[in-house]
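Structure below is structure03.txt: compact mmCIF, C-alpha atoms.
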```txt
# COMPACT_ATOMS: atom_id res chain seq x y z
CA MET A 544 0.00 0.00 0.00
CA ALA A 545 2.78 2.35 0.84
CA LYS A 546 4.09 1.92 -2.68
CA PHE A 547 1.07 3.66 -4.13
CA GLY A 548 1.38 6.48 -1.69
CA LYS A 549 4.78 7.38 -3.15
CA LYS A 550 3.26 8.53 -6.42
CA LYS A 551 1.79 11.56 -4.81
CA LYS A 552 5.19 13.14 -4.19
CA GLY A 553 4.95 15.32 -7.32
CA MET A 554 7.12 15.75 -10.39
CA PRO A 555 10.77 16.61 -9.92
CA GLY A 556 11.64 20.05 -11.34
CA ILE A 557 13.28 20.14 -14.74
CA SER A 558 16.96 20.71 -14.34
CA THR A 559 18.03 24.03 -15.88
CA ALA A 560 21.69 23.33 -15.46
CA SER A 561 22.15 22.73 -19.19
CA LEU A 562 20.29 25.86 -20.18
CA PRO A 563 23.45 27.98 -20.46
CA ASP A 564 24.92 25.36 -22.74
CA ILE A 565 21.96 25.43 -25.06
CA VAL A 566 21.94 29.20 -25.11
CA PHE A 567 25.66 29.33 -25.73
CA MET A 568 25.28 26.98 -28.64
CA LEU A 569 22.67 29.25 -30.19
CA LEU A 570 24.83 32.25 -29.40
CA PHE A 571 27.82 30.80 -31.22
CA PHE A 572 25.67 29.90 -34.19
CA PHE A 573 24.47 33.46 -34.56
CA MET A 574 27.90 34.92 -33.88
CA VAL A 575 29.38 32.84 -36.66
CA THR A 576 26.64 33.49 -39.18
CA THR A 577 26.38 37.23 -38.56
CA VAL A 578 27.95 39.21 -41.34
CA MET A 579 28.62 42.79 -40.48
CA ARG A 580 28.13 45.11 -43.40
CA GLU A 581 31.48 45.77 -45.00
CA THR A 582 30.77 48.91 -46.93
CA SER A 583 28.98 51.85 -45.45
CA LEU A 584 26.77 53.68 -47.85
CA LYS A 585 27.86 57.16 -48.82
CA ILE A 586 24.71 57.67 -50.84
CA GLN A 587 21.13 57.46 -49.73
CA MET A 588 20.06 53.87 -49.20
CA PRO A 589 18.70 52.89 -52.61
CA VAL A 590 15.05 51.88 -52.67
CA LEU A 591 15.16 48.80 -54.83
CA PRO A 592 12.39 48.20 -57.34
CA LYS A 593 10.23 45.12 -57.04
CA ALA A 594 10.06 42.23 -59.47
CA THR A 595 8.60 38.76 -59.64
CA GLU A 596 11.02 36.97 -61.95
CA VAL A 597 13.87 37.03 -59.49
CA LYS A 598 16.72 34.64 -59.04
CA LYS A 599 18.84 34.19 -55.97
CA LEU A 600 22.40 35.34 -56.22
CA GLU A 601 24.59 32.39 -55.50
CA LYS A 602 28.25 32.39 -54.54
CA LYS A 603 28.28 35.70 -52.75
CA SER A 604 32.05 35.80 -52.76
CA LEU A 605 31.97 36.21 -56.52
CA VAL A 606 29.61 39.16 -56.55
CA SER A 607 30.74 42.76 -56.85
CA TYR A 608 28.26 45.42 -55.89
CA ILE A 609 27.65 48.75 -57.55
CA TYR A 610 25.32 51.14 -55.77
CA VAL A 611 23.42 53.83 -57.60
CA GLY A 612 21.29 56.39 -55.84
CA LYS A 613 20.81 59.94 -54.74
CA SER A 614 23.49 61.75 -52.82
CA LYS A 615 22.99 62.40 -49.15
CA ASP A 616 23.38 66.15 -49.34
CA GLY A 617 20.67 66.56 -51.92
CA THR A 618 22.72 67.47 -54.97
CA PRO A 619 20.81 66.43 -58.06
CA GLY A 620 21.77 63.53 -60.29
CA ASP A 621 22.57 59.90 -59.70
CA LYS A 622 25.65 58.99 -57.73
CA ILE A 623 27.58 55.78 -58.15
CA GLN A 624 29.26 54.20 -55.19
CA LEU A 625 32.06 51.69 -55.62
CA ASN A 626 33.57 50.24 -52.47
CA ASP A 627 33.62 53.08 -49.99
CA ARG A 628 33.36 56.19 -52.04
CA ILE A 629 31.34 57.96 -54.66
CA SER A 630 32.96 57.49 -58.04
CA ASN A 631 32.73 58.36 -61.70
CA VAL A 632 31.40 55.94 -64.28
CA GLU A 633 34.90 55.58 -65.69
CA GLU A 634 36.11 54.11 -62.43
CA VAL A 635 33.84 51.09 -62.82
CA LYS A 636 36.49 49.44 -64.97
CA SER A 637 39.26 49.75 -62.43
CA PHE A 638 36.84 48.66 -59.72
CA ILE A 639 36.07 45.44 -61.58
CA PHE A 640 39.76 44.87 -62.31
CA ALA A 641 40.51 45.26 -58.63
CA GLU A 642 37.74 42.79 -57.79
CA ARG A 643 39.11 40.36 -60.34
CA ALA A 644 42.60 40.59 -58.91
CA GLU A 645 41.29 39.20 -55.64
CA ARG A 646 39.87 36.07 -57.25
CA THR A 647 41.52 33.12 -58.90
CA GLN A 648 41.70 32.82 -62.64
CA THR A 649 39.05 30.11 -62.81
CA ASP A 650 36.53 32.18 -60.90
CA ILE A 651 36.70 35.24 -63.10
CA PRO A 652 34.20 34.08 -65.74
CA LEU A 653 31.74 33.27 -62.96
CA MET A 654 31.87 36.72 -61.42
CA THR A 655 28.64 38.63 -61.34
CA THR A 656 28.09 42.33 -61.00
CA SER A 657 25.07 43.28 -58.97
CA ILE A 658 23.62 46.72 -59.54
CA LYS A 659 21.71 48.04 -56.59
CA ALA A 660 20.02 51.06 -58.01
CA ASP A 661 17.37 53.33 -56.68
CA MET A 662 13.93 53.26 -58.26
CA ASP A 663 14.26 56.90 -59.27
CA ALA A 664 17.63 56.50 -60.95
CA ASN A 665 17.85 57.18 -64.65
CA VAL A 666 18.31 54.44 -67.19
CA GLY A 667 21.09 56.56 -68.68
CA THR A 668 23.28 56.07 -65.62
CA ILE A 669 22.66 52.33 -65.67
CA THR A 670 23.44 52.20 -69.38
CA ASP A 671 26.73 53.99 -68.83
CA ILE A 672 27.68 51.39 -66.24
CA LYS A 673 26.62 48.60 -68.56
CA LEU A 674 28.77 49.96 -71.37
CA GLN A 675 31.77 50.08 -69.05
CA LEU A 676 31.13 46.51 -67.97
CA ARG A 677 30.75 45.36 -71.53
CA ASP A 678 34.05 46.96 -72.50
CA ILE A 679 35.93 44.82 -70.01
CA ASN A 680 33.88 41.67 -70.62
CA ALA A 681 32.18 41.57 -67.24
CA LEU A 682 29.01 40.27 -68.83
CA LYS A 683 27.11 38.66 -65.99
CA LEU A 684 24.81 41.22 -64.53
CA ASN A 685 22.13 41.22 -61.90
CA TYR A 686 19.66 43.99 -61.28
CA SER A 687 19.04 43.78 -57.59
CA THR A 688 15.35 43.83 -56.77
CA ARG A 689 13.02 43.01 -53.97
CA LYS A 690 10.35 40.39 -54.36
CA GLY A 691 6.95 41.80 -55.11
CA SER A 692 4.66 42.82 -57.87
CA ALA A 693 6.37 44.86 -60.55
CA LEU A 694 3.25 46.94 -60.85
CA ASP A 695 3.99 48.53 -57.49
CA ASN A 696 6.96 50.27 -59.03
CA ILE A 697 4.86 52.61 -61.02
CA LYS A 698 3.00 55.17 -59.04
CA ASN A 699 0.21 56.62 -61.07
CA MET B 1011 43.01 30.98 7.91
CA ALA B 1012 41.23 33.45 5.68
CA ARG B 1013 42.48 31.96 2.39
CA ARG B 1014 41.45 28.45 3.14
CA ASP B 1015 38.73 28.14 0.51
CA THR B 1016 37.93 30.51 -2.31
CA PRO B 1017 34.18 30.63 -2.63
CA GLU B 1018 32.81 29.35 -5.93
CA ILE B 1019 31.68 31.94 -8.46
CA ASN B 1020 27.97 31.89 -8.76
CA ALA B 1021 27.18 30.67 -12.28
CA GLY B 1022 23.49 31.25 -11.98
CA SER B 1023 23.54 34.44 -13.98
CA MET B 1024 25.56 32.90 -16.79
CA ALA B 1025 22.37 32.03 -18.64
CA ASP B 1026 21.20 35.63 -18.40
CA ILE B 1027 24.44 36.97 -19.84
CA ALA B 1028 24.36 34.44 -22.64
CA PHE B 1029 20.73 35.29 -23.36
CA LEU B 1030 21.58 38.96 -23.59
CA LEU B 1031 24.35 38.31 -26.10
CA LEU B 1032 22.14 35.90 -27.98
CA ILE B 1033 19.41 38.46 -28.36
CA PHE B 1034 21.92 41.06 -29.54
CA PHE B 1035 23.16 38.78 -32.31
CA LEU B 1036 19.66 37.66 -33.18
CA VAL B 1037 18.65 41.25 -33.74
CA THR B 1038 21.72 42.29 -35.70
CA THR B 1039 21.77 39.25 -37.97
CA THR B 1040 20.36 39.99 -41.37
CA MET B 1041 19.66 36.87 -43.30
CA ASP B 1042 19.01 38.83 -46.43
CA VAL B 1043 19.33 36.84 -49.59
CA ASP B 1044 20.21 38.91 -52.56
CA THR B 1045 17.70 38.51 -55.30
CA GLY B 1046 17.42 40.14 -58.64
CA ILE B 1047 16.83 39.87 -62.33
CA SER B 1048 19.81 38.23 -63.99
CA ARG B 1049 20.77 39.30 -67.47
CA LYS B 1050 23.76 38.69 -69.62
CA LEU B 1051 25.26 41.59 -71.51
CA PRO B 1052 26.12 41.10 -75.18
CA GLU B 1053 29.76 40.87 -76.03
CA LYS B 1054 31.39 43.91 -77.52
CA GLN B 1055 31.09 43.79 -81.29
CA PRO B 1056 33.81 44.96 -83.63
CA GLU B 1057 33.11 48.27 -85.35
CA ASP B 1058 32.64 46.85 -88.82
CA VAL B 1059 30.16 44.13 -87.97
CA VAL B 1060 27.10 44.01 -90.20
CA PRO B 1061 23.92 43.48 -88.20
CA PRO B 1062 21.92 40.50 -89.42
CA ILE B 1063 18.87 41.30 -91.47
CA LEU B 1064 15.70 40.54 -89.58
CA LYS B 1065 12.18 40.31 -90.82
CA GLU B 1066 10.15 43.00 -89.22
CA LYS B 1067 7.41 40.58 -88.24
CA ASN B 1068 9.93 38.69 -86.13
CA VAL B 1069 10.78 41.71 -84.02
CA PHE B 1070 8.67 42.84 -81.10
CA GLU B 1071 9.60 46.41 -80.52
CA VAL B 1072 9.18 47.97 -77.09
CA ASN B 1073 10.02 51.62 -76.56
CA ILE B 1074 9.95 53.48 -73.29
CA ASN B 1075 10.13 57.24 -73.44
CA ARG B 1076 11.33 59.70 -70.84
CA ARG B 1077 7.84 60.08 -69.46
CA ASN B 1078 7.83 56.34 -68.71
CA GLU B 1079 5.24 55.58 -71.35
CA ILE B 1080 5.50 52.29 -73.16
CA LEU B 1081 5.04 52.04 -76.90
CA VAL B 1082 4.78 48.60 -78.45
CA GLU B 1083 5.40 47.82 -82.12
CA GLY B 1084 5.57 51.51 -82.86
CA ASP B 1085 1.86 52.19 -82.66
CA GLN B 1086 0.35 50.90 -79.43
CA TYR B 1087 0.51 52.52 -76.04
CA MET B 1088 0.48 49.93 -73.32
CA LYS B 1089 0.44 49.69 -69.58
CA VAL B 1090 3.02 47.49 -67.91
CA ASP B 1091 0.43 44.90 -66.94
CA GLU B 1092 -0.60 44.35 -70.55
CA LEU B 1093 2.92 43.80 -71.72
CA ARG B 1094 3.35 40.22 -70.61
CA GLU B 1095 0.25 39.06 -72.47
CA ALA B 1096 1.35 40.85 -75.63
CA ALA B 1097 4.85 39.39 -75.44
CA ILE B 1098 3.47 35.88 -74.93
CA ASN B 1099 1.22 36.23 -77.95
CA PHE B 1100 4.14 37.38 -80.01
CA ILE B 1101 6.65 34.71 -78.97
CA ASP B 1102 4.14 31.89 -79.06
CA ASN B 1103 2.66 32.84 -82.41
CA GLY B 1104 4.52 30.26 -84.50
CA GLY B 1105 3.15 31.57 -87.78
CA GLY B 1106 5.85 30.13 -90.03
CA SER B 1107 4.58 27.63 -92.59
CA ALA B 1108 6.40 24.35 -93.18
CA GLU B 1109 8.07 25.59 -96.37
CA ALA B 1110 9.17 28.86 -94.86
CA MET B 1111 10.64 27.09 -91.85
CA ALA B 1112 12.42 24.47 -93.97
CA SER B 1113 14.42 27.22 -95.66
CA GLU B 1114 15.56 28.37 -92.21
CA GLU B 1115 16.32 24.78 -91.19
CA LEU B 1116 13.95 24.94 -88.29
CA PRO B 1117 11.04 22.66 -87.47
CA VAL B 1118 7.55 24.10 -87.53
CA CYS B 1119 6.62 25.24 -84.05
CA THR B 1120 4.27 22.41 -83.10
CA TRP B 1121 4.30 23.36 -79.42
CA CYS B 1122 3.15 26.91 -80.07
CA GLU B 1123 -0.42 27.64 -79.11
CA GLY B 1124 -0.57 31.10 -80.56
CA ALA B 1125 -2.77 32.52 -83.27
CA LYS B 1126 -0.46 31.39 -86.10
CA ASP B 1127 -0.80 34.87 -87.52
CA PRO B 1128 1.41 35.15 -90.62
CA THR B 1129 2.13 38.80 -89.84
CA SER B 1130 3.62 37.99 -86.43
CA SER B 1131 6.63 35.90 -85.43
CA ASP B 1132 7.50 32.69 -87.32
CA HIS B 1133 9.07 30.69 -84.53
CA PRO B 1134 10.14 31.28 -80.91
CA LYS B 1135 13.73 30.88 -82.05
CA LYS B 1136 13.24 33.69 -84.52
CA ALA B 1137 11.21 35.93 -82.28
CA ILE B 1138 13.26 38.82 -81.00
CA ILE B 1139 12.16 41.30 -78.41
CA SER B 1140 13.83 44.62 -78.92
CA LEU B 1141 13.82 46.99 -75.99
CA GLN B 1142 14.74 50.60 -76.28
CA SER B 1143 14.54 53.14 -73.52
CA ASP B 1144 15.42 56.74 -73.06
CA ARG B 1145 18.24 57.97 -70.86
CA GLY B 1146 15.64 59.75 -68.77
CA THR B 1147 13.44 56.72 -68.22
CA SER B 1148 13.14 55.83 -64.56
CA TYR B 1149 14.86 52.69 -63.43
CA ALA B 1150 11.64 51.44 -61.82
CA THR B 1151 9.81 51.41 -65.14
CA TYR B 1152 12.76 49.85 -66.87
CA ILE B 1153 12.90 47.02 -64.35
CA SER B 1154 9.14 46.49 -64.53
CA VAL B 1155 9.33 46.13 -68.29
CA GLN B 1156 12.29 43.77 -68.09
CA ASN B 1157 10.43 41.80 -65.47
CA GLU B 1158 7.36 41.42 -67.65
CA LEU B 1159 9.39 40.36 -70.66
CA VAL B 1160 11.35 37.78 -68.69
CA GLY B 1161 8.04 36.75 -67.15
CA ALA B 1162 6.56 36.05 -70.57
CA TYR B 1163 9.33 33.55 -71.23
CA THR B 1164 8.88 32.00 -67.79
CA VAL B 1165 5.18 31.45 -68.44
CA LEU B 1166 5.83 29.78 -71.78
CA ARG B 1167 8.65 27.62 -70.49
CA ASN B 1168 6.58 26.49 -67.55
CA ARG B 1169 3.65 25.68 -69.79
CA TYR B 1170 5.83 23.59 -72.09
CA SER B 1171 7.63 21.75 -69.30
CA ASN B 1172 4.38 21.03 -67.48
CA LYS B 1173 2.92 19.55 -70.61
CA LYS B 1174 5.94 17.50 -71.52
CA PHE B 1175 7.49 16.57 -68.17
CA GLY B 1176 4.64 17.24 -65.78
CA LYS B 1177 6.58 19.70 -63.62
CA ASP B 1178 7.71 23.29 -63.56
CA PHE B 1179 10.72 24.48 -65.50
CA ASP B 1180 12.71 25.12 -62.31
CA ARG B 1181 12.35 21.49 -61.27
CA LEU B 1182 13.68 20.02 -64.49
CA ASN B 1183 17.18 18.65 -64.66
CA TYR B 1184 20.00 20.48 -66.36
CA GLU B 1185 19.67 18.76 -69.74
CA GLN B 1186 15.94 19.32 -69.95
CA GLN B 1187 16.34 22.98 -69.02
CA LYS B 1188 19.05 23.39 -71.60
CA GLU B 1189 16.89 21.84 -74.29
CA ILE B 1190 14.09 24.30 -73.56
CA LYS B 1191 16.46 27.23 -73.25
CA ILE B 1192 18.08 26.54 -76.59
CA ASN B 1193 15.51 24.92 -78.84
CA ILE B 1194 12.05 25.53 -77.48
CA TYR B 1195 11.78 29.02 -76.00
CA PRO B 1196 15.17 30.74 -76.11
CA GLN B 1197 15.16 34.10 -74.39
CA ILE B 1198 16.08 36.68 -76.99
CA ILE B 1199 15.81 40.15 -75.55
CA SER B 1200 17.90 42.70 -77.35
CA GLU B 1201 18.54 46.08 -75.86
CA ALA B 1202 19.15 48.99 -78.15
CA GLU B 1203 21.20 51.94 -77.02
CA PRO B 1204 18.92 54.41 -75.27
CA THR B 1205 17.83 57.60 -76.96
CA LYS B 1206 19.38 60.76 -75.62
```

Any chance you could put this one into structure tokens?
Amino acid sequence: MAKFGKKKKGMPGISTASLPDIVFMLLFFFMVTTVMRETSLKIQMPVLPKATEVKKLEKKSLVSYIYVGKSKDGTPGDKIQLNDRISNVEEVKSFIFAERAERTQTDIPLMTTSIKADMDANVGTITDIKLQLRDINALKLNYSTRKGSALDNIKN
Amino acid sequence: MARRDTPEINAGSMADIAFLLLIFFLVTTTMDVDTGISRKLPEKQPEDVVPPILKEKNVFEVNINRRNEILVEGDQYMKVDELREAAINFIDNGGGSAEAMASEELPVCTWCEGAKDPTSSDHPKKAIISLQSDRGTSYATYISVQNELVGAYTVLRNRYSNKKFGKDFDRLNYEQQKEIKINIYPQIISEAEPTK
């Protein structure tokens, strides 16, 4: 009879001794995966247009970014940012050459240029960049967009 | 006497510290995947290259002016949302007769479901979309148009692969995708230099 009485003693509390370990594991995961932004934007953060037919950019190490947008101080016209400073269109070539120099020979044909341009940028600026890229045979191009209906781009 | 036993450090707050750090990293982590429309630029042509002669019916002309208005085939104003439909009709027309196609060494487009209009494109392999914009066109419009044109090809490729393989184009293997990309619905979007 006494055996049955023992049941009533209640559940033992869950041991929380391993909680720090679990949390530390999660912590290390996030610490390792966090990528701090390398380049700080000297132009206004470009508002990317939306599109539906998007592809994911793979092999991030092979992507060079070109930012196009308005300047922070409100001067008119589109500004192009390469690495950490605002540049001319002509400097795109040397920028790509510098990017290529950091990669191995076999990776160069796989390199992609991603253009992150503001919705209000002019096609002319983009075309100038494209001509520069074509001149030096950097043919893989990606227009960075957000996912969403392309019809949202046009406000009318 | 006093230094007989160092008291143990209380590890009870370790979890709290770890949580705090964890939350910091959770918040700062951006798992943003870069997405975008991928295009390939044409190679630079030598100065003296003669452009191939194209039949006008095989070219689908899209112009965007500096006021972001879209003109199709030189005479039709269109909204962006009508563009995909128009491009599909053009690519999928398949109007070339057997004799006409034999001279081009192409099979008749048996998979086309278009109107077979003799005044529109002969074959998806012959159908060229020509896009011209102005330097003053806004990038948003330009991307929308590109998106719709690429979308037209996506719709057609998916339709074909669903019919033939029973799954979407993205799920096909490399060879099957290549076959569609080269022989069935090749993506031919040509960009003319923008008007000043």

Write out as JSON lines the residues of chain B that have any atom within 8 Å of an atom of chain A, one row each with the nearest atom pair and its distance in Å to one decimal, counting all atoms listed in the file, sorted by chain and then rising number.
```
{"residue": "B:Met1024", "atom": "CA", "partner": "A:Pro563", "partner_atom": "CA", "distance": 6.5}
{"residue": "B:Ala1025", "atom": "CA", "partner": "A:Pro563", "partner_atom": "CA", "distance": 4.6}
{"residue": "B:Ala1028", "atom": "CA", "partner": "A:Phe567", "partner_atom": "CA", "distance": 6.1}
{"residue": "B:Phe1029", "atom": "CA", "partner": "A:Val566", "partner_atom": "CA", "distance": 6.5}
{"residue": "B:Leu1031", "atom": "CA", "partner": "A:Leu570", "partner_atom": "CA", "distance": 6.9}
{"residue": "B:Leu1032", "atom": "CA", "partner": "A:Leu570", "partner_atom": "CA", "distance": 4.8}
{"residue": "B:Phe1035", "atom": "CA", "partner": "A:Phe573", "partner_atom": "CA", "distance": 5.9}
{"residue": "B:Leu1036", "atom": "CA", "partner": "A:Phe573", "partner_atom": "CA", "distance": 6.5}
{"residue": "B:Thr1038", "atom": "CA", "partner": "A:Thr577", "partner_atom": "CA", "distance": 7.4}
{"residue": "B:Thr1039", "atom": "CA", "partner": "A:Thr577", "partner_atom": "CA", "distance": 5.1}
{"residue": "B:Thr1040", "atom": "CA", "partner": "A:Thr577", "partner_atom": "CA", "distance": 7.2}
{"residue": "B:Val1043", "atom": "CA", "partner": "A:Lys599", "partner_atom": "CA", "distance": 6.9}
{"residue": "B:Asp1044", "atom": "CA", "partner": "A:Leu600", "partner_atom": "CA", "distance": 5.6}
{"residue": "B:Thr1045", "atom": "CA", "partner": "A:Lys599", "partner_atom": "CA", "distance": 4.5}
{"residue": "B:Gly1046", "atom": "CA", "partner": "A:Ser687", "partner_atom": "CA", "distance": 4.1}
{"residue": "B:Ile1047", "atom": "CA", "partner": "A:Val597", "partner_atom": "CA", "distance": 5.0}
{"residue": "B:Ser1048", "atom": "CA", "partner": "A:Asn685", "partner_atom": "CA", "distance": 4.3}
{"residue": "B:Arg1049", "atom": "CA", "partner": "A:Leu684", "partner_atom": "CA", "distance": 5.4}
{"residue": "B:Lys1050", "atom": "CA", "partner": "A:Lys683", "partner_atom": "CA", "distance": 4.9}
{"residue": "B:Leu1051", "atom": "CA", "partner": "A:Leu682", "partner_atom": "CA", "distance": 4.8}
{"residue": "B:Pro1052", "atom": "CA", "partner": "A:Leu682", "partner_atom": "CA", "distance": 7.0}
{"residue": "B:Glu1053", "atom": "CA", "partner": "A:Arg677", "partner_atom": "CA", "distance": 6.4}
{"residue": "B:Lys1054", "atom": "CA", "partner": "A:Arg677", "partner_atom": "CA", "distance": 6.2}
{"residue": "B:Val1090", "atom": "CA", "partner": "A:Leu694", "partner_atom": "CA", "distance": 7.1}
{"residue": "B:Asp1091", "atom": "CA", "partner": "A:Leu694", "partner_atom": "CA", "distance": 7.0}
{"residue": "B:Ser1143", "atom": "CA", "partner": "A:Val666", "partner_atom": "CA", "distance": 7.5}
{"residue": "B:Asp1144", "atom": "CA", "partner": "A:Val666", "partner_atom": "CA", "distance": 6.9}
{"residue": "B:Arg1145", "atom": "CA", "partner": "A:Gly667", "partner_atom": "CA", "distance": 3.9}
{"residue": "B:Gly1146", "atom": "CA", "partner": "A:Asn665", "partner_atom": "CA", "distance": 5.3}
{"residue": "B:Thr1147", "atom": "CA", "partner": "A:Val666", "partner_atom": "CA", "distance": 5.5}
{"residue": "B:Ser1148", "atom": "CA", "partner": "A:Asn665", "partner_atom": "CA", "distance": 4.9}
{"residue": "B:Tyr1149", "atom": "CA", "partner": "A:Met662", "partner_atom": "CA", "distance": 5.3}
{"residue": "B:Ala1150", "atom": "CA", "partner": "A:Met662", "partner_atom": "CA", "distance": 4.6}
{"residue": "B:Thr1151", "atom": "CA", "partner": "A:Ile697", "partner_atom": "CA", "distance": 6.6}
{"residue": "B:Tyr1152", "atom": "CA", "partner": "A:Val666", "partner_atom": "CA", "distance": 7.2}
{"residue": "B:Ile1153", "atom": "CA", "partner": "A:Pro592", "partner_atom": "CA", "distance": 7.1}
{"residue": "B:Ser1154", "atom": "CA", "partner": "A:Ala693", "partner_atom": "CA", "distance": 5.1}
{"residue": "B:Asn1157", "atom": "CA", "partner": "A:Glu596", "partner_atom": "CA", "distance": 6.0}
{"residue": "B:Glu1158", "atom": "CA", "partner": "A:Ala693", "partner_atom": "CA", "distance": 8.0}
{"residue": "B:Val1160", "atom": "CA", "partner": "A:Glu596", "partner_atom": "CA", "distance": 6.8}
{"residue": "B:Gly1161", "atom": "CA", "partner": "A:Glu596", "partner_atom": "CA", "distance": 6.0}
{"residue": "B:Thr1164", "atom": "CA", "partner": "A:Glu596", "partner_atom": "CA", "distance": 8.0}
{"residue": "B:Glu1203", "atom": "CA", "partner": "A:Thr670", "partner_atom": "CA", "distance": 8.0}
{"residue": "B:Pro1204", "atom": "CA", "partner": "A:Gly667", "partner_atom": "CA", "distance": 7.3}
```

Emit the selected residues as a PDB file, in the frame of the given file, including C-alpha atoms.
```pdb
ATOM      1  CA  MET B1024      25.560  32.900 -16.790  1.00  0.00           C
ATOM      2  CA  ALA B1025      22.370  32.030 -18.640  1.00  0.00           C
ATOM      3  CA  ALA B1028      24.360  34.440 -22.640  1.00  0.00           C
ATOM      4  CA  PHE B1029      20.730  35.290 -23.360  1.00  0.00           C
ATOM      5  CA  LEU B1031      24.350  38.310 -26.100  1.00  0.00           C
ATOM      6  CA  LEU B1032      22.140  35.900 -27.980  1.00  0.00           C
ATOM      7  CA  PHE B1035      23.160  38.780 -32.310  1.00  0.00           C
ATOM      8  CA  LEU B1036      19.660  37.660 -33.180  1.00  0.00           C
ATOM      9  CA  THR B1038      21.720  42.290 -35.700  1.00  0.00           C
ATOM     10  CA  THR B1039      21.770  39.250 -37.970  1.00  0.00           C
ATOM     11  CA  THR B1040      20.360  39.990 -41.370  1.00  0.00           C
ATOM     12  CA  VAL B1043      19.330  36.840 -49.590  1.00  0.00           C
ATOM     13  CA  ASP B1044      20.210  38.910 -52.560  1.00  0.00           C
ATOM     14  CA  THR B1045      17.700  38.510 -55.300  1.00  0.00           C
ATOM     15  CA  GLY B1046      17.420  40.140 -58.640  1.00  0.00           C
ATOM     16  CA  ILE B1047      16.830  39.870 -62.330  1.00  0.00           C
ATOM     17  CA  SER B1048      19.810  38.230 -63.990  1.00  0.00           C
ATOM     18  CA  ARG B1049      20.770  39.300 -67.470  1.00  0.00           C
ATOM     19  CA  LYS B1050      23.760  38.690 -69.620  1.00  0.00           C
ATOM     20  CA  LEU B1051      25.260  41.590 -71.510  1.00  0.00           C
ATOM     21  CA  PRO B1052      26.120  41.100 -75.180  1.00  0.00           C
ATOM     22  CA  GLU B1053      29.760  40.870 -76.030  1.00  0.00           C
ATOM     23  CA  LYS B1054      31.390  43.910 -77.520  1.00  0.00           C
ATOM     24  CA  VAL B1090       3.020  47.490 -67.910  1.00  0.00           C
ATOM     25  CA  ASP B1091       0.430  44.900 -66.940  1.00  0.00           C
ATOM     26  CA  SER B1143      14.540  53.140 -73.520  1.00  0.00           C
ATOM     27  CA  ASP B1144      15.420  56.740 -73.060  1.00  0.00           C
ATOM     28  CA  ARG B1145      18.240  57.970 -70.860  1.00  0.00           C
ATOM     29  CA  GLY B1146      15.640  59.750 -68.770  1.00  0.00           C
ATOM     30  CA  THR B1147      13.440  56.720 -68.220  1.00  0.00           C
ATOM     31  CA  SER B1148      13.140  55.830 -64.560  1.00  0.00           C
ATOM     32  CA  TYR B1149      14.860  52.690 -63.430  1.00  0.00           C
ATOM     33  CA  ALA B1150      11.640  51.440 -61.820  1.00  0.00           C
ATOM     34  CA  THR B1151       9.810  51.410 -65.140  1.00  0.00           C
ATOM     35  CA  TYR B1152      12.760  49.850 -66.870  1.00  0.00           C
ATOM     36  CA  ILE B1153      12.900  47.020 -64.350  1.00  0.00           C
ATOM     37  CA  SER B1154       9.140  46.490 -64.530  1.00  0.00           C
ATOM     38  CA  ASN B1157      10.430  41.800 -65.470  1.00  0.00           C
ATOM     39  CA  GLU B1158       7.360  41.420 -67.650  1.00  0.00           C
ATOM     40  CA  VAL B1160      11.350  37.780 -68.690  1.00  0.00           C
ATOM     41  CA  GLY B1161       8.040  36.750 -67.150  1.00  0.00           C
ATOM     42  CA  THR B1164       8.880  32.000 -67.790  1.00  0.00           C
ATOM     43  CA  GLU B1203      21.200  51.940 -77.020  1.00  0.00           C
ATOM     44  CA  PRO B1204      18.920  54.410 -75.270  1.00  0.00           C
TER      45      PRO B1204
END
```

- Message: I'd like the neighbourhood of Arg628 (chain A) as a PyMOL selection string, where a residue qualifies if any of its atoms comes within 9 Å (using only C-alpha atoms), though same-chain residues fewer than 4 positions away should be ignored.
- Response: chain A and resi 584-586+623-624

- Pick out the closest residue to Lys1188 (chain B) from this set: B:Ser1171, B:Asn1020, B:Asn1068, B:Gln1156. Count all atoms listed in the file.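 Closest to Lys1188 (chain B), using all atoms listed in the file: B:Ser1171.
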
- Atomic distance CA of Arg1076 (chain B) - CA of Thr1205 (chain B), expressed in Å with one decimal: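 Result for CA of Arg1076 (chain B) versus CA of Thr1205 (chain B): 9.2 Å, one decimal.
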
- Please write as a count of residues only the list of polymer residues whose atoms come within 12 Å of (5.7, 38.8, -76.9), counting only C-alpha atoms and keeping to the coordinates of the file. 46

- Task: Using CA of Tyr610 (chain A) and CA of Met654 (chain A) as the two end points, give the distance in Å to one decimal.
- Result: 16.8 Å

- Item | Pairwise distance for CA of Lys613 (chain A) and CA of Asn631 (chain A), rounded to one decimal in Å |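 These two atoms are separated by 13.9 Å.
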
- Query: For Glu1123 (chain B), which of B:Ile1027, B:Asn1183, B:Arg1169, B:Ile1033 is the closest residue, counting all atoms listed in the file?
  - Reply: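 Smallest distance to Glu1123 (chain B) is found for B:Arg1169.
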
Padding 5 Å on every side, please: axis-aligned box over the listed atoms of region 595-599 of chain A, centre and edge lengths to one decimal in Å, as lines of an AutoDock Vina configuration file.
```
center_x = 13.7
center_y = 36.5
center_z = -59.0
size_x = 20.2
size_y = 14.6
size_z = 16.0
```
